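Peer 1: Handing you this structure, nothing more for now.
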2 protein chains.
Amino acid sequence: MAKERLRKGTAAKRVPLDLKGRIWIDGKEGTFLGYGRVILLERIQEYGSITKAARSMEMSYRHAWELVDSMNRQASRPLVESATGGRGGGGARLTEEGESAIALFRRFYEDFQAFLADEGKALSLS
Amino acid sequence: MAKERLRKGTAAKRVPLDLKGRIWIDGKEGTFLGYGRVILLERIQEYGSITKAARSMEMSYRHAWELVDSMNRQASRPLVESATGGRGGGGARLTEEGESAIALFRRFYEDFQAFLADEGKALSLS
């Protein structure tokens, strides 16, 4: 109660708002690129393997493969390709298109973080 | 196939990306204001009743009341108050704080739509 009265007395104090958001990019089948998908692409780039990338994210291989397949189907050119063989065996590598997709989303994501920070300064409630 | 070949031949053509997002404002208990909550506030303003506002959104009275209660608890001053009596009976009306909350979120939302539109022009993938 005392705290409440104190706050009413200091009208000039602006409580910062905790602005939150989530962004993604849709393709023809729904989500094309989102934060998790981009992390997966980065891990595939790092490990050269969908299996290892999935494990590093505590994700099943099946789920990771489905995400990669979804991205590949929706891009004009595949983002990930087999490095040595078929599904499951061998490694995987990011294509140039895959690297562009990471860069694109990272830029969008950074711009969005900057947008949230700017808005947080500009907006206030009482 | 013909369409695919055509697209590869016209390298200058940039396919617009379908950038998507969702925004909300967190308070001390989690979500404070989001799109649905603001629509609810606007309907309360319009109908002068939580019951009627809830019905217009095909939402249960209980859920609407809980959302209002959550917003009231997290704001420094209540956004909605009883117009004539206790819970369930009588009407409800938006306070000045409630009107500010709507304006604040609407501005945030509009800025975000503009941000998405701007980003959509600036970003492209191959």
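In the structure tokens, chains take letters A, B, ... by order of appearance, with residues numbered from 1 within each chain and ligands from 1 in the order shown.
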Can you pull out every residue within 12 Å of Pro78 (chain A), counting only C-alpha atoms, but drop anything in the same chain fewer than 2 positions away, and send it as a short mmCIF file (atom, residue, chain, number, x, y, z; two decimals) with N, CA and C atoms, in the first residue's frame?
Peer 2:
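Listed below is the output, out-v7.cif:
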data_model
loop_
_atom_site.label_atom_id
_atom_site.label_comp_id
_atom_site.auth_asym_id
_atom_site.auth_seq_id
_atom_site.Cartn_x
_atom_site.Cartn_y
_atom_site.Cartn_z
N LEU A 41 20.16 -24.58 -39.22
CA LEU A 41 21.04 -24.37 -40.39
C LEU A 41 22.47 -24.05 -39.94
N VAL A 68 14.52 -29.45 -42.39
CA VAL A 68 15.39 -29.20 -43.54
C VAL A 68 14.62 -29.44 -44.84
N ASP A 69 13.87 -30.52 -44.87
CA ASP A 69 13.09 -30.86 -46.06
C ASP A 69 12.07 -29.76 -46.36
N SER A 70 11.44 -29.24 -45.31
CA SER A 70 10.46 -28.16 -45.47
C SER A 70 11.13 -26.91 -46.05
N MET A 71 12.31 -26.57 -45.52
CA MET A 71 13.02 -25.39 -46.04
C MET A 71 13.44 -25.61 -47.49
N ASN A 72 13.97 -26.79 -47.77
CA ASN A 72 14.42 -27.09 -49.14
C ASN A 72 13.27 -27.03 -50.15
N ARG A 73 12.11 -27.55 -49.75
CA ARG A 73 10.96 -27.56 -50.65
C ARG A 73 10.48 -26.16 -50.97
N GLN A 74 10.61 -25.26 -49.98
CA GLN A 74 10.03 -23.93 -50.14
C GLN A 74 10.99 -22.89 -50.73
N ALA A 75 12.27 -23.22 -50.76
CA ALA A 75 13.24 -22.27 -51.34
C ALA A 75 13.34 -22.52 -52.85
N SER A 76 13.80 -21.52 -53.59
CA SER A 76 13.93 -21.74 -55.03
C SER A 76 15.08 -22.71 -55.31
N VAL A 80 20.18 -26.93 -47.95
CA VAL A 80 21.07 -27.97 -47.41
C VAL A 80 21.14 -29.09 -48.44
N GLU A 81 22.34 -29.63 -48.64
CA GLU A 81 22.45 -30.78 -49.55
C GLU A 81 23.30 -31.86 -48.90
N SER A 82 23.14 -33.09 -49.40
CA SER A 82 23.94 -34.21 -48.89
C SER A 82 25.38 -34.00 -49.31
N ALA A 92 26.05 -33.57 -44.34
CA ALA A 92 25.21 -32.59 -45.03
C ALA A 92 25.96 -31.28 -45.03
N ARG A 93 25.71 -30.48 -46.04
CA ARG A 93 26.35 -29.16 -46.03
C ARG A 93 25.39 -28.08 -46.49
N LEU A 94 25.70 -26.90 -46.03
CA LEU A 94 24.90 -25.76 -46.41
C LEU A 94 25.29 -25.31 -47.82
N THR A 95 24.29 -24.97 -48.63
CA THR A 95 24.57 -24.41 -49.95
C THR A 95 24.74 -22.90 -49.80
N GLU A 96 25.07 -22.24 -50.90
CA GLU A 96 25.14 -20.77 -50.89
C GLU A 96 23.79 -20.18 -50.51
N GLU A 97 22.75 -20.82 -51.03
CA GLU A 97 21.38 -20.37 -50.72
C GLU A 97 21.12 -20.48 -49.22
N GLY A 98 21.65 -21.54 -48.61
CA GLY A 98 21.50 -21.73 -47.16
C GLY A 98 22.21 -20.63 -46.39
N GLU A 99 23.41 -20.27 -46.85
CA GLU A 99 24.14 -19.18 -46.19
C GLU A 99 23.40 -17.86 -46.34
N SER A 100 22.83 -17.64 -47.52
CA SER A 100 22.04 -16.41 -47.73
C SER A 100 20.83 -16.39 -46.81
N ALA A 101 20.21 -17.55 -46.64
CA ALA A 101 19.02 -17.62 -45.79
C ALA A 101 19.36 -17.26 -44.34
N SER B 126 17.79 -14.47 -52.95
CA SER B 126 18.16 -14.78 -54.34
C SER B 126 17.13 -14.33 -55.39
#
Peer 1: Set the cut-off to 8 Å and count only C-alpha atoms: what are the residues of chain A that reach chain B? Output as a ChimeraX atom specification.
Peer 2: /A:17-27,97,100-101,104,108,115,119,123-126
Peer 1: Using only C-alpha atoms, please write the residues we just selected to a file, as a PDB file, in the first residue's frame.
Peer 2:
ATOM      1  CA  LEU A  17       7.502  -1.572 -20.915  1.00  0.00           C
ATOM      2  CA  ASP A  18       8.709  -5.054 -21.644  1.00  0.00           C
ATOM      3  CA  LEU A  19       7.981  -5.260 -25.363  1.00  0.00           C
ATOM      4  CA  LYS A  20       8.137  -8.776 -26.730  1.00  0.00           C
ATOM      5  CA  GLY A  21       7.785 -10.358 -30.126  1.00  0.00           C
ATOM      6  CA  ARG A  22       8.426 -13.219 -32.410  1.00  0.00           C
ATOM      7  CA  ILE A  23       9.163 -13.089 -36.132  1.00  0.00           C
ATOM      8  CA  TRP A  24       9.340 -15.629 -38.911  1.00  0.00           C
ATOM      9  CA  ILE A  25       9.163 -15.860 -42.700  1.00  0.00           C
ATOM     10  CA  ASP A  26       6.366 -17.755 -44.384  1.00  0.00           C
ATOM     11  CA  GLY A  27       6.691 -19.721 -47.604  1.00  0.00           C
ATOM     12  CA  GLU A  97      21.378 -20.372 -50.721  1.00  0.00           C
ATOM     13  CA  SER A 100      22.043 -16.412 -47.733  1.00  0.00           C
ATOM     14  CA  ALA A 101      19.017 -17.622 -45.788  1.00  0.00           C
ATOM     15  CA  LEU A 104      18.781 -12.792 -44.345  1.00  0.00           C
ATOM     16  CA  PHE A 108      15.698  -9.379 -40.036  1.00  0.00           C
ATOM     17  CA  PHE A 115      12.878  -2.028 -33.371  1.00  0.00           C
ATOM     18  CA  GLU A 119       9.804   1.277 -29.321  1.00  0.00           C
ATOM     19  CA  LEU A 123       6.231   4.003 -25.550  1.00  0.00           C
ATOM     20  CA  SER A 124       5.118   4.340 -21.963  1.00  0.00           C
ATOM     21  CA  LEU A 125       1.927   3.837 -19.988  1.00  0.00           C
ATOM     22  CA  SER A 126       1.187   6.501 -17.379  1.00  0.00           C
TER      23      SER A 126
END
Peer 1: Tell me which of A:Tyr47, A:Tyr35, A:Tyr109, A:Lys121 sits closest to Gly90 (chain A), counting only C-alpha atoms.
Peer 2: A:Tyr47
Peer 1: To test your reading of the structure, identify every residue in chain B that backbone DSSP assigns to alpha helix (DSSP H), and report it as an MDAnalysis selection string.
Peer 2: chainID B and resid 2:9 35:47 50:56 61:74 96:122
Peer 1: Which value, in Å to one decimal, gives the distance between CA of Gln45 (chain B) and CA of Leu67 (chain B)?
Peer 2: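 The value is 14.9 Å.
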Peer 1: For Met57 (chain A), list every protein, DNA or RNA residue within 12 Å, evaluated using only C-alpha atoms, and leave out those in the same chain fewer than 5 positions away; present the list as a PyMOL selection string.
Peer 2: chain A and resi 36-44+47+50-52+63-64
Peer 1: Could you jot down the CA of Ser49 (chain A) to CA of Ala83 (chain A) separation for me, Å, one decimal place?
Peer 2: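 Distance reported for this atom pair: 8.6 Å.
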Peer 1: Just list as a list in words whatever in region 46-94 of chain A DSSP marks as strand (DSSP E or B).
Peer 2: Val80, Glu81, Ser82, Ala92, Arg93 and Leu94 of chain A
